[in-house]
Amino acid sequence: MTDYGHDLLFGTFTTPTVQPVRHAVDLAVVADRAGLDLVTFQDHPYQPRFHDTWTLLSYVAARTERVHLSANVLNLPLRQPAMIARSAASLDLLSGGRFELGIGAGAYWDAIEAMGGPRRSAGQAITALDEAIRIIREVWAADKPGGVRVDGEHYRVSGAKRGPAPAHDVNVWVGAYKPRMLRLTGRLADGWLPSLPYFKNGPAELVGMNAQIDEAAAAAGREPAQIRRLLNIGGEFSPTGRSLLNGPPEQWAEDLAGLTLEYGVSAFILMADDPATIEIFAAEVAPATRELVAEERARTAR
Amino acid sequence: MTGNYGHRLEFGTLVTPVNAAPDTPVALARRSEALGYDLVTFSDDPGQPAHLDTWTLLAWVAGRTERIHLAANVLTAETRPPAVLARSTASLDLLSGGRVELALGTGDHEPRTGLDAAGATGGPARADFDALGESVDVVRAMLAADDPAPVRYRGAYHRLDGASAGPLPAHHIPIWLGGTDPRLLRLVGEKADGWLSTLDPAGPDAVRAGNKIIDEAARAAGRDPAEIRRLLNVSGRFAETRQGFLHGPATGWVEDLLPLVVEDGVGTFILITDDVATMERFAREVAPALREAADRALPAPLPRTAQRSGTVRAKRRPGIAYDEVPASLTGGAVEPGDIAYSRVRSTYLRGGAPGLVLRPRTPAEVADALAFARAHRHLPLGIRSGGHGISGRSTNDGGIVIDVGALNRIEVLDEARRLVRIGPGARWTEVAEALAPHGWALTSGDYGGVGVGGLATAGGVGWLARKHGLTIDHLRAVELVLADGRAVRASDTENSDLFWAVRGAGANFGVVTAFEFEVDEVGPVGWAQFALDAADPAALLTRWGAAVEAAPRDLTSAIIMGPPRLGQPAVAQVMAMVDSDDPATIVAQLQPLADVAPGYDQQVVITSYASVMANASDAPHQAQGEPISRTGLLTRLTPEFAAAAARLLASGVVYFFHLRSIGGAVTDVDPDAMAWSHRNANFHVTAFGRHRARLDALWDGLLAEHLHGTYLSFETDLRPERLTEAFPPRTLARLRTLKKRYDPDGLFRDNFAITPDTATRTTS
């Protein structure tokens, strides 16, 4: 059992479709009003049926009031790290500290190359992400003396001015599954953001991956609890319980509390494209899950 | 001196995107909007840590403004891959409702502080302009999403290898280039929509020299220099007395700026200021006075609305006075070269290429559109609500379309009487959704994407027909604009003969701008979908028909069949709605239907009418070609009809065969109560085929003898007998008399025209 003890976050993962144009905006407003913590959008810059994720996040930030926003996850290869850093800090400043940086090494290299981006091997992509995260953190460290210098294989920054600093400590969450990416997450990231449907054997697969992250964190002199474990989830509300995340809201709460207490997940991001699902998740599942987790944490603390 | 280029004179602001107080540039943008500026721009200096990222700020400001257009001034092209930039721009244009313009430049070329791997330093090199030119090409190719071909581009700096273009932006996004280097100016002349520079305080000489280079390059590239908007950043100070160029009272500013408009063709002045007082004074005292002074000084006043470019105008169709479109309609009008054209040209089932689509938002604008149509009687005229018309030609080739989609309000007039007022542009899915919270529903058609206007002037055979009648049976009043432009109200007590005609033959009499319906109390409903064995189609149809005719009025059903498929079992889809929330009642009423043939699959749910109608896509219609259909009404579903239908299906000519139940409450209404008079019909049958002549021959030979009357909405055969089938002699005679009174010259003629009773040639 690995509960890392974070407060729970609940969010949405909505398709950033361009048709209807305001689908993602409207559902983000629903999530914001319903009291969810997080609104996220996938980022596939080569996909013309989706909005540009950065543009959408910035626009949605302006149309919402409380909810935090993140890409899920940002596609690095078609964006420059220093630009990501300044854009992220800008959005965090404009939104009053509501931006988080979910980022990934990239996938679908044919499509990235078709858009004029680089083609990277798995190893190169991980090295590039490592360099990018270093550059981003260096740009944000506005108070450190001297310019940003990162002399990487993929990105070279030689003396760029630092800043702006974001309004709050923007979390860097990494989408990762393979050992090298998990090690990078443990070494560098503030959070790990995988998708539950990706695990063929269900949540049990989280155990081994958590261990790899924990090990890499320890090797880098970090507390494993510094790395929040987030999870994209899909499911269905139905009158009777059928399977994991397919049943009534009370069952969802039990399922999610189990994921927190047994597998250390402290952020649940629901793939949802309709307002009713988002509202049930916010009004019924989130508070019940929080209650179950709080009770159990209180019990074991005694 | 090059003179004026004839663009609408516009004004903008250039705001510094400081991040120390991030609300400040946002507030200045909102102030610019409130002051009536056309445009707000932000500088872009990616190396400047004291500034917000310009693109992020533009997207944020788009979310906090309603009307003002937005641009960077200017965006440093090389920090963003052009293909990604194009998608971002299209995205923001869609989100903002068409308010984004794209100004690109090479950057200021201070040492680049290592923002890119190349780490370029020093002044702009030739390579920078070449790369900028390539960026323009890539952005244009990526924005041209009406061309489905993957984008391939082999430049020296940018390469695309099969990227998918799109999304299609909301409006034509102009690309302006910013700078003064002669190489950039030539690029402007060759491929840009505008030139953006900053006025040299020493005077306008640089503007003149720049214009000369641009105009020469444009002509050399075969372009009209007037296509290129000239935008100028200006700064100055207001003072009591004149102290110098753009330093003095507002009158002095106007004197200083006027020659730039008249002699140097500047179309946009962008005021560089972060000072609200300067912004206000310029907006209130300089901009309007400069517009007036320019109109006085120029041979003709400058246009007040945005003008279409030469490339757009080149796609205009003959016979349309495009430049005489009424001012009220110019904003929403769409013509073939416009970016919105691919979204409006076609309908759900019909490909089209209209010459002009007018999109009125009020009854007065509908009257304006009809006046324009009256001046173009030589062209086809389509009236479109939801664009689902099969008989209704709501698109055409080279003609005019009046799209009333914007007249889409739904409001409750009288809660106690369940009286609801609905615009013709609302779609039935939206109507159902709006009525559901009241516990109400209005029977419509079977598809939620259909527009109110077309259906509620034709009939409306829907999922509650047997329980609650036709859609038009619920109509209590209409407001419509007649062919001569008069707006009238029609009900049982006002223009009652017109009210009679609109209910079944509305397309011939006017454009309805509002319907008033008395809707029904409808709670949860049973909704069933069965897949049944159709190996013996005649037996299946006969049994289905008998089950439907015997069913209580709660139940309304439809059956869909297709052609024989080699090696696969024949399957019919049966759908049914039961207006009851009691599971036992629903099951009892559905059982006889389920029993008409062995089943492959079945699904029964208790749901809402609104959920069943929530089956429509919001995507623009993209049909191609012409639908080919025949349709008719059936009193009884006899074994003889079923046998004929089975032969029709066996021919393979019909790919979609559709029967739906009418009867029930529909029969309660007096046949003379309204123009839709086939009150004894129990079924409506429709067949879609791919070959006009083959479908007509089989239909006329096999089915016609079993039919009594027709429902024109589903008919595409244009032979004149269809009209006499749709309207029995007494009804048709009355319609002809009314046509003579309300539309004697036949303006409304493209949806089964009724000829006035003075002419008798239609029924030969």
# chains A, B, ... in the order shown; residues from 1 in each chain; ligands from 1
>>> interface_residues(of="chain B", to="chain A", cutoff="8 Å", atoms="only C-alpha atoms", output="ChimeraX atom specification")
/B:19,22-23,46-53,55-57,59-64,79-81,83-84,87-88,91-92,94-95,112-117,119,158-167,618-619
>>> write_last_selection(atoms="C-alpha atoms", output="mmCIF file, in the first residue's frame")
data_model
loop_
_atom_site.group_PDB
_atom_site.id
_atom_site.type_symbol
_atom_site.label_atom_id
_atom_site.label_comp_id
_atom_site.auth_asym_id
_atom_site.auth_seq_id
_atom_site.Cartn_x
_atom_site.Cartn_y
_atom_site.Cartn_z
ATOM 1 C CA ASN B 19 3.839 41.125 -17.252
ATOM 2 C CA PRO B 22 -0.616 41.352 -16.308
ATOM 3 C CA ASP B 23 -4.099 42.841 -15.925
ATOM 4 C CA PRO B 46 10.257 36.644 -27.374
ATOM 5 C CA GLY B 47 13.579 37.590 -25.791
ATOM 6 C CA GLN B 48 12.007 40.050 -23.361
ATOM 7 C CA PRO B 49 11.323 38.490 -19.954
ATOM 8 C CA ALA B 50 9.351 41.542 -18.805
ATOM 9 C CA HIS B 51 6.666 40.786 -21.413
ATOM 10 C CA LEU B 52 3.885 38.256 -21.549
ATOM 11 C CA ASP B 53 4.032 35.719 -24.340
ATOM 12 C CA TRP B 55 0.174 34.528 -28.382
ATOM 13 C CA THR B 56 -0.963 33.511 -24.903
ATOM 14 C CA LEU B 57 -2.039 37.083 -24.232
ATOM 15 C CA ALA B 59 -5.865 34.124 -26.709
ATOM 16 C CA TRP B 60 -6.601 35.365 -23.191
ATOM 17 C CA VAL B 61 -7.794 38.736 -24.482
ATOM 18 C CA ALA B 62 -9.974 36.975 -27.055
ATOM 19 C CA GLY B 63 -11.699 35.352 -24.105
ATOM 20 C CA ARG B 64 -12.247 38.716 -22.407
ATOM 21 C CA THR B 79 10.104 31.184 -32.875
ATOM 22 C CA ARG B 80 7.055 29.153 -33.917
ATOM 23 C CA PRO B 81 6.893 26.358 -36.508
ATOM 24 C CA ALA B 83 2.387 24.829 -39.479
ATOM 25 C CA VAL B 84 1.688 25.004 -35.738
ATOM 26 C CA ARG B 87 -3.370 25.856 -36.617
ATOM 27 C CA SER B 88 -3.105 28.108 -33.583
ATOM 28 C CA SER B 91 -8.109 27.860 -33.633
ATOM 29 C CA LEU B 92 -8.125 31.325 -32.109
ATOM 30 C CA LEU B 94 -12.730 30.010 -34.465
ATOM 31 C CA LEU B 95 -12.825 30.575 -30.710
ATOM 32 C CA ARG B 112 18.614 36.287 -29.968
ATOM 33 C CA THR B 113 19.773 35.221 -26.494
ATOM 34 C CA GLY B 114 19.816 31.616 -27.472
ATOM 35 C CA LEU B 115 16.090 31.090 -27.759
ATOM 36 C CA ASP B 116 16.599 28.759 -30.656
ATOM 37 C CA ALA B 117 19.168 26.091 -31.222
ATOM 38 C CA GLY B 119 21.331 30.969 -31.876
ATOM 39 C CA HIS B 158 10.492 24.841 -43.858
ATOM 40 C CA ARG B 159 9.372 21.428 -44.995
ATOM 41 C CA LEU B 160 5.978 19.839 -44.687
ATOM 42 C CA ASP B 161 5.546 16.241 -45.643
ATOM 43 C CA GLY B 162 1.870 15.461 -45.907
ATOM 44 C CA ALA B 163 0.481 17.524 -43.031
ATOM 45 C CA SER B 164 -3.310 17.730 -42.847
ATOM 46 C CA ALA B 165 -4.524 21.276 -43.469
ATOM 47 C CA GLY B 166 -7.010 22.872 -41.139
ATOM 48 C CA PRO B 167 -8.956 23.681 -39.196
ATOM 49 C CA ASP B 618 -23.380 20.252 -35.389
ATOM 50 C CA ALA B 619 -20.978 19.883 -38.284
#
>>> residues_around(residues="B:Gly389", least_positions_apart="5", cutoff="7 Å", atoms="only C-alpha atoms", output="PyMOL selection string")
chain B and resi 394+454+713
>>> select_by_dssp(residues="stretch 669-745 of chain B", states="strand (DSSP E)", output="PyMOL selection string")
chain B and resi 683-689
>>> atom_distance(atom1="atom CA of B:Asp414", atom2="atom CA of B:Trp440")
12.9 Å
>>> select_by_dssp(residues="stretch 38-222 of chain A", states="helix (DSSP H, G or I)", output="PyMOL selection string")
chain A and resi 53-63+76-78+81-94+109-114+122-140+179-188+196-198+202-219
>>> write_last_selection(atoms="C-alpha atoms", output="CSV table (one decimal), in the first residue's frame")
chain,number,residue,atom,x,y,z
A,53,THR,CA,-4.1,23.1,-27.2
A,54,TRP,CA,-2.1,26.1,-26.1
A,55,THR,CA,-4.5,28.6,-27.7
A,56,LEU,CA,-7.5,26.7,-26.2
A,57,LEU,CA,-6.0,26.6,-22.7
A,58,SER,CA,-5.3,30.3,-22.8
A,59,TYR,CA,-8.8,31.1,-24.1
A,60,VAL,CA,-10.4,28.8,-21.5
A,61,ALA,CA,-8.4,30.3,-18.7
A,62,ALA,CA,-9.9,33.6,-19.6
A,63,ARG,CA,-13.4,32.2,-19.5
A,76,LEU,CA,7.2,18.8,-26.9
A,77,PRO,CA,8.7,18.2,-30.4
A,78,LEU,CA,6.6,20.9,-32.1
A,81,PRO,CA,11.2,24.8,-24.5
A,82,ALA,CA,12.1,28.4,-23.8
A,83,MET,CA,8.9,29.5,-25.5
A,84,ILE,CA,6.9,26.9,-23.5
A,85,ALA,CA,8.5,28.3,-20.3
A,86,ARG,CA,7.6,31.9,-21.1
A,87,SER,CA,4.1,31.1,-22.4
A,88,ALA,CA,3.4,28.9,-19.3
A,89,ALA,CA,4.6,31.7,-17.0
A,90,SER,CA,2.5,34.2,-18.9
A,91,LEU,CA,-0.6,32.1,-18.7
A,92,ASP,CA,0.0,31.5,-15.0
A,93,LEU,CA,0.4,35.2,-14.4
A,94,LEU,CA,-2.7,36.1,-16.4
A,109,TRP,CA,6.6,10.8,-35.3
A,110,ASP,CA,5.3,10.5,-38.9
A,111,ALA,CA,2.7,13.2,-38.1
A,112,ILE,CA,5.2,15.4,-36.3
A,113,GLU,CA,7.7,15.2,-39.1
A,114,ALA,CA,4.9,16.0,-41.6
A,122,ALA,CA,12.6,6.8,-28.0
A,123,GLY,CA,16.0,7.6,-26.4
A,124,GLN,CA,16.4,10.9,-28.2
A,125,ALA,CA,12.9,11.9,-27.3
A,126,ILE,CA,13.6,11.3,-23.6
A,127,THR,CA,16.8,13.1,-23.7
A,128,ALA,CA,15.1,16.1,-25.4
A,129,LEU,CA,12.4,16.1,-22.7
A,130,ASP,CA,15.0,16.0,-20.0
A,131,GLU,CA,16.8,19.0,-21.6
A,132,ALA,CA,13.5,20.8,-22.1
A,133,ILE,CA,12.4,20.5,-18.5
A,134,ARG,CA,15.8,21.8,-17.3
A,135,ILE,CA,15.5,24.8,-19.7
A,136,ILE,CA,11.9,25.5,-18.6
A,137,ARG,CA,12.8,25.4,-14.9
A,138,GLU,CA,15.9,27.6,-15.5
A,139,VAL,CA,13.8,30.2,-17.4
A,140,TRP,CA,11.2,30.2,-14.5
A,179,PRO,CA,11.3,2.6,-17.5
A,180,ARG,CA,13.5,5.5,-18.8
A,181,MET,CA,10.6,7.9,-18.8
A,182,LEU,CA,9.6,6.7,-15.3
A,183,ARG,CA,13.1,7.3,-14.1
A,184,LEU,CA,13.0,10.8,-15.7
A,185,THR,CA,9.7,11.4,-13.8
A,186,GLY,CA,11.2,10.4,-10.5
A,187,ARG,CA,14.3,12.5,-11.1
A,188,LEU,CA,12.7,15.7,-12.5
A,196,LEU,CA,-5.7,4.0,-16.8
A,197,PRO,CA,-7.1,2.6,-20.1
A,198,TYR,CA,-3.5,2.2,-21.2
A,202,GLY,CA,-5.6,-2.6,-14.8
A,203,PRO,CA,-4.4,-0.6,-11.8
A,204,ALA,CA,-2.2,-3.4,-10.6
A,205,GLU,CA,0.4,-2.2,-13.2
A,206,LEU,CA,0.7,1.1,-11.2
A,207,VAL,CA,2.5,-0.8,-8.4
A,208,GLY,CA,5.7,-1.6,-10.4
A,209,MET,CA,5.7,1.8,-12.1
A,210,ASN,CA,5.3,3.7,-8.8
A,211,ALA,CA,8.3,1.7,-7.5
A,212,GLN,CA,10.4,2.7,-10.5
A,213,ILE,CA,9.5,6.4,-9.9
A,214,ASP,CA,10.2,6.1,-6.2
A,215,GLU,CA,13.6,4.5,-6.8
A,216,ALA,CA,14.6,7.1,-9.3
A,217,ALA,CA,13.4,9.9,-6.9
A,218,ALA,CA,15.4,8.4,-4.1
A,219,ALA,CA,18.5,8.1,-6.3
>>> atom_distance(atom1="atom CA of B:Pro363", atom2="atom CA of B:Ile410")
15.4 Å
